[in-house]
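Source file structure_25.pdb; content: PDB, C-alpha atoms.
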```pdb
ATOM      1  CA  MET A 137      60.419  38.445   6.782
ATOM      2  CA  PRO A 138      60.876  35.571   4.280
ATOM      3  CA  LEU A 139      57.865  34.396   2.327
ATOM      4  CA  PHE A 140      58.322  30.855   3.583
ATOM      5  CA  PRO A 141      59.699  29.860   6.981
ATOM      6  CA  PRO A 142      62.709  27.533   7.071
ATOM      7  CA  GLN A 143      61.864  23.854   6.797
ATOM      8  CA  ILE A 144      62.420  21.614   9.809
ATOM      9  CA  ALA A 145      64.421  18.415   9.277
ATOM     10  CA  PRO A 146      62.684  15.204  10.341
ATOM     11  CA  GLN A 147      64.186  13.307  13.291
ATOM     12  CA  TYR A 148      63.625   9.893  11.685
ATOM     13  CA  LEU A 149      61.879   8.328   8.710
ATOM     14  CA  GLY A 150      59.686   5.403   9.517
ATOM     15  CA  VAL A 151      56.496   3.563  10.249
ATOM     16  CA  ASP A 152      56.070   3.903  13.989
ATOM     17  CA  VAL A 153      53.266   1.366  14.238
ATOM     18  CA  ALA A 154      54.853  -0.657  17.049
ATOM     19  CA  ALA A 155      53.805   2.080  19.467
ATOM     20  CA  LEU A 156      50.271   2.289  18.134
ATOM     21  CA  ASN A 157      47.295   0.391  19.461
ATOM     22  CA  GLY A 158      46.970  -2.582  17.143
ATOM     23  CA  GLY A 159      50.673  -3.292  16.586
ATOM     24  CA  GLN A 160      50.998  -7.081  16.671
ATOM     25  CA  ASN A 161      52.924 -10.054  15.272
ATOM     26  CA  GLN A 162      51.906 -10.593  11.645
ATOM     27  CA  THR A 163      53.124 -12.707   8.746
ATOM     28  CA  LEU A 164      53.837 -10.814   5.533
ATOM     29  CA  GLY A 165      53.666 -11.894   1.901
ATOM     30  CA  ALA A 166      56.768 -13.692   0.607
ATOM     31  CA  GLY A 167      58.616 -11.513  -1.905
ATOM     32  CA  THR A 168      56.257  -8.582  -1.317
ATOM     33  CA  VAL A 169      57.738  -5.088  -1.155
ATOM     34  CA  TYR A 170      55.767  -3.048   1.385
ATOM     35  CA  LEU A 171      55.910   0.728   0.821
ATOM     36  CA  TYR A 172      55.262   3.649   3.154
ATOM     37  CA  GLU A 173      54.946   7.136   1.657
ATOM     38  CA  VAL A 174      56.802  10.050   3.295
ATOM     39  CA  GLU A 175      57.414  13.697   2.439
ATOM     40  CA  ILE A 176      60.889  15.017   3.220
ATOM     41  CA  PRO A 177      61.104  18.840   3.411
ATOM     42  CA  VAL A 178      64.924  19.136   3.478
ATOM     43  CA  ALA A 179      67.923  16.991   2.565
ATOM     44  CA  VAL A 180      68.603  14.202   5.099
ATOM     45  CA  THR A 181      71.439  11.705   5.549
ATOM     46  CA  ILE A 182      70.319   8.135   6.169
ATOM     47  CA  THR A 183      72.564   6.049   8.406
ATOM     48  CA  GLY A 184      70.706   2.766   8.877
ATOM     49  CA  PHE A 185      67.601   0.597   8.859
ATOM     50  CA  LYS A 186      65.664  -0.869  11.811
ATOM     51  CA  TYR A 187      62.714  -3.188  12.235
ATOM     52  CA  ARG A 188      61.032  -5.342  14.847
ATOM     53  CA  ALA A 189      61.159  -9.085  14.223
ATOM     54  CA  GLY A 190      58.453 -11.281  15.708
ATOM     55  CA  ASN A 191      58.549 -14.926  16.675
ATOM     56  CA  ALA A 192      60.087 -17.613  14.452
ATOM     57  CA  ALA A 193      61.808 -15.155  12.139
ATOM     58  CA  THR A 194      64.161 -17.317  10.068
ATOM     59  CA  GLY A 195      64.399 -15.692   6.656
ATOM     60  CA  TYR A 196      65.746 -12.412   5.319
ATOM     61  CA  VAL A 197      64.581  -8.795   5.108
ATOM     62  CA  ASN A 198      65.716  -5.921   2.891
ATOM     63  CA  GLY A 199      65.119  -2.237   3.429
ATOM     64  CA  ALA A 200      65.334   0.387   0.683
ATOM     65  CA  ILE A 201      64.012   3.768  -0.409
ATOM     66  CA  TYR A 202      62.238   4.561  -3.696
ATOM     67  CA  THR A 203      61.476   7.866  -5.377
ATOM     68  CA  ALA A 204      57.845   8.909  -5.863
ATOM     69  CA  ALA A 205      58.201   7.659  -9.462
ATOM     70  CA  GLY A 206      59.207   4.206  -8.177
ATOM     71  CA  ALA A 207      62.968   4.182  -8.859
ATOM     72  CA  LEU A 208      65.316   2.654  -6.272
ATOM     73  CA  VAL A 209      67.471   5.319  -4.590
ATOM     74  CA  ALA A 210      71.121   4.439  -5.235
ATOM     75  CA  GLY A 211      72.826   2.974  -2.177
ATOM     76  CA  SER A 212      69.590   2.470  -0.231
ATOM     77  CA  ASP A 213      69.141  -1.336  -0.592
ATOM     78  CA  THR A 214      70.441  -2.875   2.623
ATOM     79  CA  GLY A 215      71.003  -6.275   1.043
ATOM     80  CA  ALA A 216      69.646  -9.372   2.779
ATOM     81  CA  ILE A 217      69.552  -8.960   6.572
ATOM     82  CA  THR A 218      69.251 -12.230   8.514
ATOM     83  CA  ASN A 219      66.232 -12.256  10.815
ATOM     84  CA  GLN A 220      66.549 -13.068  14.482
ATOM     85  CA  SER A 221      64.758 -16.121  15.892
ATOM     86  CA  ILE A 222      63.218 -14.313  18.872
ATOM     87  CA  THR A 223      61.168 -11.129  19.100
ATOM     88  CA  THR A 224      63.768  -8.400  18.933
ATOM     89  CA  ASN A 225      64.745  -5.090  17.376
ATOM     90  CA  VAL A 226      67.012  -5.612  14.372
ATOM     91  CA  SER A 227      69.432  -2.826  13.399
ATOM     92  CA  PHE A 228      71.503  -2.373  10.240
ATOM     93  CA  SER A 229      74.046   0.406   9.662
ATOM     94  CA  TYR A 230      74.911   1.462   6.116
ATOM     95  CA  PRO A 231      78.679   1.210   5.541
ATOM     96  CA  THR A 232      78.366   4.523   3.689
ATOM     97  CA  PRO A 233      75.477   6.784   4.782
ATOM     98  CA  PHE A 234      73.727   8.514   1.869
ATOM     99  CA  THR A 235      71.810  11.758   1.437
ATOM    100  CA  ILE A 236      68.479  12.288  -0.283
ATOM    101  CA  GLY A 237      67.000  15.667  -1.166
ATOM    102  CA  PRO A 238      63.569  17.093  -0.457
ATOM    103  CA  GLY A 239      60.664  15.274  -2.066
ATOM    104  CA  VAL A 240      58.185  12.436  -1.803
ATOM    105  CA  TYR A 241      59.633   8.962  -1.259
ATOM    106  CA  PHE A 242      58.543   5.431  -0.448
ATOM    107  CA  LEU A 243      60.276   3.662   2.424
ATOM    108  CA  ALA A 244      60.393  -0.041   1.536
ATOM    109  CA  PHE A 245      60.448  -3.335   3.443
ATOM    110  CA  GLY A 246      60.776  -6.670   1.632
ATOM    111  CA  VAL A 247      60.693 -10.235   3.002
ATOM    112  CA  ASP A 248      61.570 -13.595   1.461
ATOM    113  CA  LEU A 249      59.268 -15.946   3.438
ATOM    114  CA  ASN A 250      55.605 -15.913   4.412
ATOM    115  CA  THR A 251      56.326 -17.824   7.642
ATOM    116  CA  ASP A 252      58.212 -15.132   9.569
ATOM    117  CA  THR A 253      56.382 -12.692  11.806
ATOM    118  CA  PHE A 254      57.003  -8.978  12.305
ATOM    119  CA  ILE A 255      55.422  -6.279  14.415
ATOM    120  CA  ALA A 256      52.855  -4.689  12.113
ATOM    121  CA  LEU A 257      49.737  -2.565  12.176
ATOM    122  CA  VAL A 258      46.638  -4.298  10.834
ATOM    123  CA  SER A 259      43.729  -2.373   9.364
ATOM    124  CA  GLN A 260      40.415  -3.112  11.024
ATOM    125  CA  THR A 261      37.463  -4.132   8.892
ATOM    126  CA  GLY A 262      35.317  -1.058   8.478
ATOM    127  CA  GLY A 263      37.769   0.923  10.625
ATOM    128  CA  GLN A 264      41.079   2.627  10.127
ATOM    129  CA  ILE A 265      42.553   2.995   6.659
ATOM    130  CA  LEU A 266      46.305   2.716   6.216
ATOM    131  CA  SER A 267      46.439   5.763   3.951
ATOM    132  CA  ARG A 268      50.224   5.890   3.417
ATOM    133  CA  ALA A 269      50.608   2.121   3.073
ATOM    134  CA  ARG A 270      51.239   0.697  -0.401
ATOM    135  CA  VAL A 271      52.754  -2.388  -2.042
ATOM    136  CA  ALA A 272      54.857  -2.690  -5.167
ATOM    137  CA  THR A 273      53.925  -5.068  -7.974
ATOM    138  CA  ASN A 274      57.619  -5.832  -8.528
ATOM    139  CA  THR A 275      58.905  -8.268  -5.908
ATOM    140  CA  VAL A 276      62.096  -9.020  -3.988
ATOM    141  CA  VAL A 277      64.678 -10.330  -6.482
ATOM    142  CA  THR A 278      66.100 -13.845  -5.889
ATOM    143  CA  PRO A 279      64.704 -14.407  -2.381
ATOM    144  CA  GLY A 280      67.166 -15.743   0.192
ATOM    145  CA  SER A 281      70.590 -14.773   1.488
ATOM    146  CA  THR A 282      71.508 -12.880  -1.698
ATOM    147  CA  GLN A 283      68.153 -11.180  -2.272
ATOM    148  CA  THR A 284      67.922  -7.608  -3.473
ATOM    149  CA  MET A 285      65.134  -5.110  -3.851
ATOM    150  CA  PRO A 286      63.775  -4.552  -7.368
ATOM    151  CA  ALA A 287      65.245  -1.652  -9.381
ATOM    152  CA  THR A 288      61.734  -0.195  -9.704
ATOM    153  CA  THR A 289      58.493  -0.700  -7.815
ATOM    154  CA  GLY A 290      56.380  -1.390 -10.873
ATOM    155  CA  THR A 291      52.788  -0.311 -10.293
ATOM    156  CA  ILE A 292      52.186   0.996  -6.787
ATOM    157  CA  LEU A 293      49.003  -0.414  -5.280
ATOM    158  CA  SER A 294      46.960   0.403  -2.169
ATOM    159  CA  ASN A 295      47.671  -1.776   0.856
ATOM    160  CA  ASN A 296      44.879  -1.461   3.385
ATOM    161  CA  THR A 297      45.641  -4.686   5.236
ATOM    162  CA  LYS A 298      48.928  -4.450   7.177
ATOM    163  CA  MET A 299      52.176  -2.504   7.427
ATOM    164  CA  PRO A 300      55.361  -3.699   9.180
ATOM    165  CA  ALA A 301      57.093  -1.441  11.723
ATOM    166  CA  PHE A 302      60.414  -0.198  10.311
ATOM    167  CA  SER A 303      62.498   2.959  10.120
ATOM    168  CA  PHE A 304      65.550   4.607   8.608
ATOM    169  CA  PRO A 305      67.610   6.443  11.268
ATOM    170  CA  LEU A 306      69.023   9.811  10.213
ATOM    171  CA  SER A 307      72.273  11.572  10.986
ATOM    172  CA  GLY A 308      71.500  13.956  13.842
ATOM    173  CA  GLY A 309      68.096  12.352  14.404
ATOM    174  CA  ILE A 310      66.710  10.276  17.230
TER     175      ILE A 310
END
```
Could you show the structure in this file as C-alpha coordinates?
Amino acid sequence: MPLFPPQIAPQYLGVDVAALNGGQNQTLGAGTVYLYEVEIPVAVTITGFKYRAGNAATGYVNGAIYTAAGALVAGSDTGAITNQSITTNVSFSYPTPFTIGPGVYFLAFGVDLNTDTFIALVSQTGGQILSRARVATNTVVTPGSTQTMPATTGTILSNNTKMPAFSFPLSGGI
(Lines of atoms letter the chains of each structure in order from A and count residues from 1; the text may use other names and numbers.)
(Lines give C-alpha, C1' and ligand atoms only; values in the text may rest on other atoms or scores of the structure.)
Protein backbone atom coordinates (compact mmCIF):
# COMPACT_ATOMS: atom_id res chain seq x y z
CA MET A 1 0.00 0.00 0.00
CA PRO A 2 1.42 3.45 -0.89
CA LEU A 3 2.34 5.80 1.92
CA PHE A 4 0.05 8.48 0.56
CA PRO A 5 -3.21 7.89 -1.30
CA PRO A 6 -3.60 9.42 -4.76
CA GLN A 7 -4.73 13.04 -4.76
CA ILE A 8 -8.19 13.87 -6.07
CA ALA A 9 -8.46 16.62 -8.70
CA PRO A 10 -10.82 19.48 -7.85
CA GLN A 11 -13.95 19.85 -9.99
CA TYR A 12 -13.71 23.66 -10.09
CA LEU A 13 -11.77 26.49 -8.51
CA GLY A 14 -13.87 29.27 -7.12
CA VAL A 15 -15.68 31.27 -4.52
CA ASP A 16 -19.10 29.67 -4.34
CA VAL A 17 -20.65 32.41 -2.23
CA ALA A 18 -23.68 32.93 -4.47
CA ALA A 19 -25.16 29.74 -3.03
CA LEU A 20 -24.43 30.69 0.56
CA ASN A 21 -26.78 32.49 2.89
CA GLY A 22 -25.70 36.11 2.72
CA GLY A 23 -24.82 36.28 -0.99
CA GLN A 24 -26.14 39.64 -2.18
CA ASN A 25 -25.54 42.51 -4.61
CA GLN A 26 -22.52 44.52 -3.44
CA THR A 27 -20.36 47.28 -4.86
CA LEU A 28 -16.62 46.60 -4.85
CA GLY A 29 -13.65 48.95 -4.62
CA ALA A 30 -12.56 50.49 -7.93
CA GLY A 31 -9.19 49.08 -9.01
CA THR A 32 -9.13 46.63 -6.10
CA VAL A 33 -7.85 43.11 -6.74
CA TYR A 34 -9.83 40.68 -4.58
CA LEU A 35 -8.00 37.42 -3.80
CA TYR A 36 -9.28 34.02 -2.70
CA GLU A 37 -6.76 31.44 -1.46
CA VAL A 38 -6.99 27.84 -2.73
CA GLU A 39 -4.86 24.72 -2.41
CA ILE A 40 -4.57 22.59 -5.54
CA PRO A 41 -3.42 18.99 -4.89
CA VAL A 42 -2.76 17.99 -8.53
CA ALA A 43 -2.16 19.73 -11.85
CA VAL A 44 -5.34 21.22 -13.37
CA THR A 45 -6.15 22.81 -16.73
CA ILE A 46 -8.12 26.04 -16.52
CA THR A 47 -10.54 26.71 -19.37
CA GLY A 48 -12.39 29.88 -18.36
CA PHE A 49 -13.61 32.44 -15.85
CA LYS A 50 -17.15 33.05 -14.56
CA TYR A 51 -18.81 35.55 -12.27
CA ARG A 52 -22.23 36.87 -11.35
CA ALA A 53 -22.91 40.49 -12.28
CA GLY A 54 -25.46 42.45 -10.29
CA ASN A 55 -27.58 45.40 -11.31
CA ALA A 56 -26.18 48.38 -13.23
CA ALA A 57 -22.93 46.67 -14.13
CA THR A 58 -21.36 48.97 -16.74
CA GLY A 59 -17.61 48.69 -16.30
CA TYR A 60 -15.04 45.94 -16.74
CA VAL A 61 -13.81 42.93 -14.76
CA ASN A 62 -10.59 40.91 -15.01
CA GLY A 63 -9.94 37.47 -13.63
CA ALA A 64 -6.47 36.04 -13.00
CA ILE A 65 -4.52 33.60 -10.85
CA TYR A 66 -1.49 34.41 -8.67
CA THR A 67 1.06 32.15 -7.03
CA ALA A 68 1.28 32.05 -3.23
CA ALA A 69 4.25 34.44 -3.56
CA GLY A 70 2.05 36.93 -5.43
CA ALA A 71 3.28 36.51 -9.03
CA LEU A 72 0.74 36.52 -11.88
CA VAL A 73 0.44 33.08 -13.49
CA ALA A 74 1.33 33.44 -17.18
CA GLY A 75 -1.73 33.35 -19.43
CA SER A 76 -4.23 33.69 -16.57
CA ASP A 77 -5.26 37.38 -16.98
CA THR A 78 -8.55 37.36 -18.87
CA GLY A 79 -8.15 40.94 -20.06
CA ALA A 80 -11.03 43.38 -19.61
CA ILE A 81 -14.42 41.63 -19.74
CA THR A 82 -17.37 43.96 -20.37
CA ASN A 83 -20.00 43.70 -17.64
CA GLN A 84 -23.63 43.03 -18.45
CA SER A 85 -26.26 45.63 -17.53
CA ILE A 86 -28.65 43.18 -15.88
CA THR A 87 -28.12 40.57 -13.18
CA THR A 88 -26.62 37.66 -15.06
CA ASN A 89 -23.89 35.03 -15.11
CA VAL A 90 -20.92 36.19 -17.17
CA SER A 91 -18.68 33.56 -18.80
CA PHE A 92 -15.26 33.92 -20.43
CA SER A 93 -13.38 31.13 -22.21
CA TYR A 94 -9.59 31.30 -22.50
CA PRO A 95 -8.53 31.05 -26.16
CA THR A 96 -5.75 28.76 -24.94
CA PRO A 97 -6.46 26.83 -21.71
CA PHE A 98 -3.45 26.65 -19.37
CA THR A 99 -2.26 24.20 -16.73
CA ILE A 100 -1.03 24.96 -13.23
CA GLY A 101 0.70 22.47 -10.95
CA PRO A 102 -0.03 21.55 -7.35
CA GLY A 103 0.38 24.33 -4.82
CA VAL A 104 -1.23 27.28 -3.09
CA TYR A 105 -2.68 29.98 -5.34
CA PHE A 106 -4.81 33.11 -5.16
CA LEU A 107 -7.79 33.35 -7.49
CA ALA A 108 -8.20 37.03 -8.38
CA PHE A 109 -11.08 39.32 -9.36
CA GLY A 110 -10.48 42.97 -10.29
CA VAL A 111 -12.97 45.73 -11.15
CA ASP A 112 -12.54 49.20 -12.64
CA LEU A 113 -15.54 51.05 -11.11
CA ASN A 114 -17.03 51.34 -7.64
CA THR A 115 -20.55 51.76 -9.05
CA ASP A 116 -21.12 48.25 -10.42
CA THR A 117 -22.66 45.55 -8.28
CA PHE A 118 -21.76 41.86 -8.07
CA ILE A 119 -23.06 38.92 -6.09
CA ALA A 120 -20.80 38.79 -3.04
CA LEU A 121 -20.64 37.40 0.46
CA VAL A 122 -20.49 40.04 3.18
CA SER A 123 -18.94 39.36 6.57
CA GLN A 124 -21.27 40.04 9.47
CA THR A 125 -20.11 42.30 12.28
CA GLY A 126 -19.03 40.04 15.10
CA GLY A 127 -19.95 36.99 13.00
CA GLN A 128 -18.38 35.01 10.22
CA ILE A 129 -14.80 35.67 9.17
CA LEU A 130 -13.88 35.40 5.51
CA SER A 131 -10.73 33.42 6.27
CA ARG A 132 -9.58 32.81 2.68
CA ALA A 133 -10.47 36.30 1.47
CA ARG A 134 -7.64 38.75 0.82
CA VAL A 135 -6.92 41.89 -1.22
CA ALA A 136 -3.78 42.92 -3.06
CA THR A 137 -2.14 46.29 -2.46
CA ASN A 138 -1.29 46.51 -6.17
CA THR A 139 -4.34 47.53 -8.20
CA VAL A 140 -5.86 46.93 -11.63
CA VAL A 141 -3.57 48.56 -14.23
CA THR A 142 -5.08 51.29 -16.46
CA PRO A 143 -8.75 50.77 -15.54
CA GLY A 144 -11.19 50.59 -18.45
CA SER A 145 -11.51 48.60 -21.66
CA THR A 146 -7.77 47.87 -21.84
CA GLN A 147 -7.20 47.15 -18.15
CA THR A 148 -4.91 44.38 -17.00
CA MET A 149 -4.16 42.75 -13.69
CA PRO A 150 -0.94 43.78 -11.95
CA ALA A 151 2.15 41.60 -12.53
CA THR A 152 2.38 41.04 -8.77
CA THR A 153 -0.07 41.40 -5.90
CA GLY A 154 2.19 43.54 -3.75
CA THR A 155 1.44 43.01 -0.07
CA ILE A 156 -1.46 40.64 0.52
CA LEU A 157 -3.85 41.97 3.15
CA SER A 158 -6.79 40.46 5.05
CA ASN A 159 -10.22 41.21 3.61
CA ASN A 160 -12.91 40.51 6.17
CA THR A 161 -15.59 42.63 4.53
CA LYS A 162 -16.78 41.10 1.24
CA MET A 163 -15.83 38.63 -1.49
CA PRO A 164 -17.34 38.49 -5.00
CA ALA A 165 -18.65 35.18 -6.37
CA PHE A 166 -16.38 33.96 -9.19
CA SER A 167 -14.80 30.76 -10.46
CA PHE A 168 -12.35 29.25 -12.91
CA PRO A 169 -13.85 26.22 -14.72
CA LEU A 170 -11.51 23.27 -15.22
CA SER A 171 -11.10 20.79 -18.03
CA GLY A 172 -13.06 17.71 -16.98
CA GLY A 173 -14.68 19.59 -14.09
CA ILE A 174 -18.22 20.71 -13.47
Run the PyMOL selection byres ((chain A and resi 179) around 12) against the file shown and list the residues it catches, as a tab-separated table (two decimals) with C-alpha atoms, keeping the file's coordinate frame.
```
chain	number	residue	atom	x	y	z
A	143	GLN	CA	61.86	23.85	6.80
A	144	ILE	CA	62.42	21.61	9.81
A	145	ALA	CA	64.42	18.42	9.28
A	146	PRO	CA	62.68	15.20	10.34
A	147	GLN	CA	64.19	13.31	13.29
A	175	GLU	CA	57.41	13.70	2.44
A	176	ILE	CA	60.89	15.02	3.22
A	177	PRO	CA	61.10	18.84	3.41
A	178	VAL	CA	64.92	19.14	3.48
A	180	VAL	CA	68.60	14.20	5.10
A	181	THR	CA	71.44	11.70	5.55
A	182	ILE	CA	70.32	8.14	6.17
A	234	PHE	CA	73.73	8.51	1.87
A	235	THR	CA	71.81	11.76	1.44
A	236	ILE	CA	68.48	12.29	-0.28
A	237	GLY	CA	67.00	15.67	-1.17
A	238	PRO	CA	63.57	17.09	-0.46
A	239	GLY	CA	60.66	15.27	-2.07
A	240	VAL	CA	58.18	12.44	-1.80
A	306	LEU	CA	69.02	9.81	10.21
A	307	SER	CA	72.27	11.57	10.99
```
Practice item. Do a neighbour search on Thr282 (chain A) at 8 Å with all atoms listed in the file, toss out local chain neighbours closer than 2 positions, and write the hits as an MDAnalysis selection string. Key: chainID A and resid 215:216 278:280 284
Would you put the residues from that selection into a file with C-alpha atoms, as a PDB file, in the coordinates of the input?
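Writing the result to again.pdb gives the following:
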```
ATOM      1  CA  GLY A 215      71.003  -6.275   1.043  1.00  0.00           C
ATOM      2  CA  ALA A 216      69.646  -9.372   2.779  1.00  0.00           C
ATOM      3  CA  THR A 278      66.100 -13.845  -5.889  1.00  0.00           C
ATOM      4  CA  PRO A 279      64.704 -14.407  -2.381  1.00  0.00           C
ATOM      5  CA  GLY A 280      67.166 -15.743   0.192  1.00  0.00           C
ATOM      6  CA  THR A 284      67.922  -7.608  -3.473  1.00  0.00           C
TER       7      THR A 284
END
```
Practice item. Please provide as a ChimeraX atom specification all residues within 8 Å of Gly150 (chain A), with the sequence filter that same-chain residues fewer than 5 positions apart are discarded (counting all atoms listed in the file). Key: /A:172,243,301-304
Exercise for review: Carefully work through the PyMOL selection byres ((chain A and resi 162-169) around 10) for this structure and note down the residues it includes, as a PyMOL selection string.
Suggested key: chain A and resi 159-161+170-171+189-191+193+195+197-200+243-258+270-280+283+285-286+289+292+298-300
**Study point:** Pairwise distance for CA of Tyr196 (chain A) and CA of Ile217 (chain A), rounded to one decimal in Å
**Key:** 5.3 Å
**Study point:** Distance query Ala207 (chain A) at most 9 Å, all atoms listed in the file, self and fewer than 2 positions along chain excluded, as an MDAnalysis selection string
**Key:** chainID A and resid 201:205 209:210 286:290
Revision key, fill the gap. One residue among A:Ser212, A:Asn225, A:Thr232, A:Gln220 is nearest to Lys186 (chain A) when using all atoms listed in the file, and that residue is A:Asn225
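Of the listed residues (A:Phe242, A:Arg188, A:Gly206, A:Ser281), A:Phe242 comes nearest to Leu149 (chain A); the distances count only C-alpha atoms.
The spacing separating CA of Pro305 (chain A) from CA of Ser267 (chain A) amounts to 22.4 Å.
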Point to revise | Å distance separating CA of Thr194 (chain A) from CA of Thr218 (chain A), one decimal place | key: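 Result for CA of Thr194 (chain A) versus CA of Thr218 (chain A): 7.4 Å, one decimal.
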Review point. Nearest to Phe185 (chain A) among A:Thr224, A:Thr214, A:Asn219, A:Thr297, with distances taken over all atoms listed in the file: which residue is it?
Key: A:Thr214
